[in-house]
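Q: One structure, pasted below without further comment.
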Amino acid sequence: MKVSELARQTGISRTTLTALYYDRAKGVEFHVVDRICSALLCSVGDLFVCEEDNA
């Protein structure tokens, strides 16, 4: 699905979705995650992966 289509379906701005896609977002609000999951028919675990911080 293209960013423009997801933006249309969810009402989330293309800027926000693009930042999430390219891992540039500093955070994400729960209602944004909920809208994305609803549009993609998936769960939160399908969108995010936990990684250890090796810093």
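Ligands are numbered from 1 in the order shown, chains are lettered A, B, ... in the order of the structure tokens, and residues start at 1 in each chain.
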Just list the residues in chain A DSSP gives helix (DSSP H, G or I) on the backbone, as an NGL selection string.
A: :A and (3-10 or 14-21 or 30-40 or 44-47)
Q: Those selected residues, please, written with N, CA, C and O atoms and delivered as a compact mmCIF listing (two decimals), in the first residue's frame.
A:
```
# COMPACT_ATOMS: atom_id res chain seq x y z
N VAL A 3 1.89 5.19 0.68
CA VAL A 3 1.70 6.12 1.79
C VAL A 3 0.46 6.98 1.55
O VAL A 3 -0.32 7.21 2.47
N SER A 4 0.26 7.43 0.34
CA SER A 4 -0.88 8.29 0.03
C SER A 4 -2.20 7.57 0.28
O SER A 4 -3.16 8.17 0.78
N GLU A 5 -2.28 6.29 -0.03
CA GLU A 5 -3.50 5.51 0.20
C GLU A 5 -3.73 5.32 1.70
O GLU A 5 -4.85 5.44 2.18
N LEU A 6 -2.68 5.01 2.45
CA LEU A 6 -2.81 4.84 3.90
C LEU A 6 -3.21 6.16 4.55
O LEU A 6 -4.05 6.18 5.45
N ALA A 7 -2.66 7.25 4.08
CA ALA A 7 -3.03 8.57 4.59
C ALA A 7 -4.51 8.85 4.33
O ALA A 7 -5.23 9.34 5.21
N ARG A 8 -4.98 8.50 3.16
CA ARG A 8 -6.39 8.72 2.82
C ARG A 8 -7.30 7.87 3.71
O ARG A 8 -8.30 8.35 4.22
N GLN A 9 -6.93 6.62 3.93
CA GLN A 9 -7.77 5.70 4.71
C GLN A 9 -7.78 6.05 6.20
O GLN A 9 -8.77 5.81 6.87
N THR A 10 -6.68 6.58 6.71
CA THR A 10 -6.55 6.78 8.15
C THR A 10 -6.73 8.22 8.60
O THR A 10 -7.00 8.47 9.78
N ARG A 14 0.60 12.50 5.46
CA ARG A 14 1.67 11.81 4.71
C ARG A 14 3.02 12.06 5.36
O ARG A 14 3.89 11.19 5.36
N THR A 15 3.21 13.25 5.92
CA THR A 15 4.47 13.58 6.60
C THR A 15 4.72 12.63 7.76
O THR A 15 5.82 12.11 7.92
N THR A 16 3.70 12.41 8.57
CA THR A 16 3.82 11.50 9.71
C THR A 16 4.10 10.08 9.25
O THR A 16 5.00 9.41 9.77
N LEU A 17 3.35 9.61 8.27
CA LEU A 17 3.54 8.25 7.78
C LEU A 17 4.91 8.06 7.15
O LEU A 17 5.56 7.02 7.34
N THR A 18 5.38 9.05 6.42
CA THR A 18 6.70 8.97 5.80
C THR A 18 7.80 8.94 6.87
O THR A 18 8.76 8.16 6.76
N ALA A 19 7.66 9.74 7.91
CA ALA A 19 8.64 9.74 9.00
C ALA A 19 8.68 8.38 9.68
O ALA A 19 9.76 7.88 10.02
N LEU A 20 7.53 7.77 9.88
CA LEU A 20 7.49 6.43 10.48
C LEU A 20 8.14 5.40 9.55
O LEU A 20 8.93 4.57 9.99
N TYR A 21 7.82 5.47 8.28
CA TYR A 21 8.35 4.52 7.31
C TYR A 21 9.87 4.56 7.24
O TYR A 21 10.53 3.53 7.19
N PHE A 30 -0.52 6.77 20.33
CA PHE A 30 -1.28 5.53 20.30
C PHE A 30 -2.42 5.56 19.29
O PHE A 30 -2.67 4.54 18.63
N HIS A 31 -3.09 6.69 19.14
CA HIS A 31 -4.20 6.73 18.19
C HIS A 31 -3.71 6.58 16.75
O HIS A 31 -4.42 6.04 15.90
N VAL A 32 -2.47 6.99 16.48
CA VAL A 32 -1.89 6.81 15.15
C VAL A 32 -1.64 5.33 14.90
O VAL A 32 -1.99 4.79 13.84
N VAL A 33 -1.06 4.65 15.88
CA VAL A 33 -0.82 3.20 15.76
C VAL A 33 -2.14 2.47 15.57
O VAL A 33 -2.25 1.57 14.73
N ASP A 34 -3.14 2.85 16.33
CA ASP A 34 -4.45 2.21 16.25
C ASP A 34 -5.05 2.37 14.85
O ASP A 34 -5.57 1.41 14.27
N ARG A 35 -4.96 3.56 14.29
CA ARG A 35 -5.51 3.80 12.94
C ARG A 35 -4.77 3.00 11.89
O ARG A 35 -5.37 2.46 10.97
N ILE A 36 -3.45 2.93 12.02
CA ILE A 36 -2.65 2.15 11.06
C ILE A 36 -3.02 0.67 11.15
O ILE A 36 -3.24 0.01 10.13
N CYS A 37 -3.10 0.15 12.37
CA CYS A 37 -3.46 -1.26 12.55
C CYS A 37 -4.85 -1.55 11.99
O CYS A 37 -5.06 -2.59 11.36
N SER A 38 -5.79 -0.66 12.21
CA SER A 38 -7.14 -0.85 11.69
C SER A 38 -7.15 -0.88 10.17
O SER A 38 -7.81 -1.72 9.56
N ALA A 39 -6.41 0.02 9.56
CA ALA A 39 -6.37 0.10 8.09
C ALA A 39 -5.68 -1.11 7.48
O ALA A 39 -6.07 -1.60 6.42
N LEU A 40 -4.64 -1.60 8.14
CA LEU A 40 -3.86 -2.72 7.60
C LEU A 40 -4.33 -4.08 8.11
O LEU A 40 -3.76 -5.12 7.74
N VAL A 44 -0.36 -4.48 16.72
CA VAL A 44 0.80 -3.64 17.01
C VAL A 44 2.10 -4.42 16.82
O VAL A 44 3.08 -3.90 16.29
N GLY A 45 2.11 -5.67 17.23
CA GLY A 45 3.30 -6.51 17.10
C GLY A 45 3.74 -6.73 15.66
O GLY A 45 4.90 -7.06 15.41
N ASP A 46 2.82 -6.55 14.74
CA ASP A 46 3.18 -6.68 13.32
C ASP A 46 3.91 -5.45 12.80
O ASP A 46 4.58 -5.51 11.78
N LEU A 47 3.77 -4.33 13.51
CA LEU A 47 4.36 -3.07 13.07
C LEU A 47 5.71 -2.78 13.70
O LEU A 47 6.55 -2.12 13.10
```
Q: Distance CA of Lys2 in chain A-CA of Cys50 in chain A, one decimal place?
A: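 Between CA of Lys2 in chain A and CA of Cys50 in chain A the gap is 24.7 Å.
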Q: Between CA of Asp23 in chain A and CA of Cys42 in chain A, what is the distance, to one decimal in Å?
A: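 CA of Asp23 in chain A sits 19.3 Å away from CA of Cys42 in chain A.
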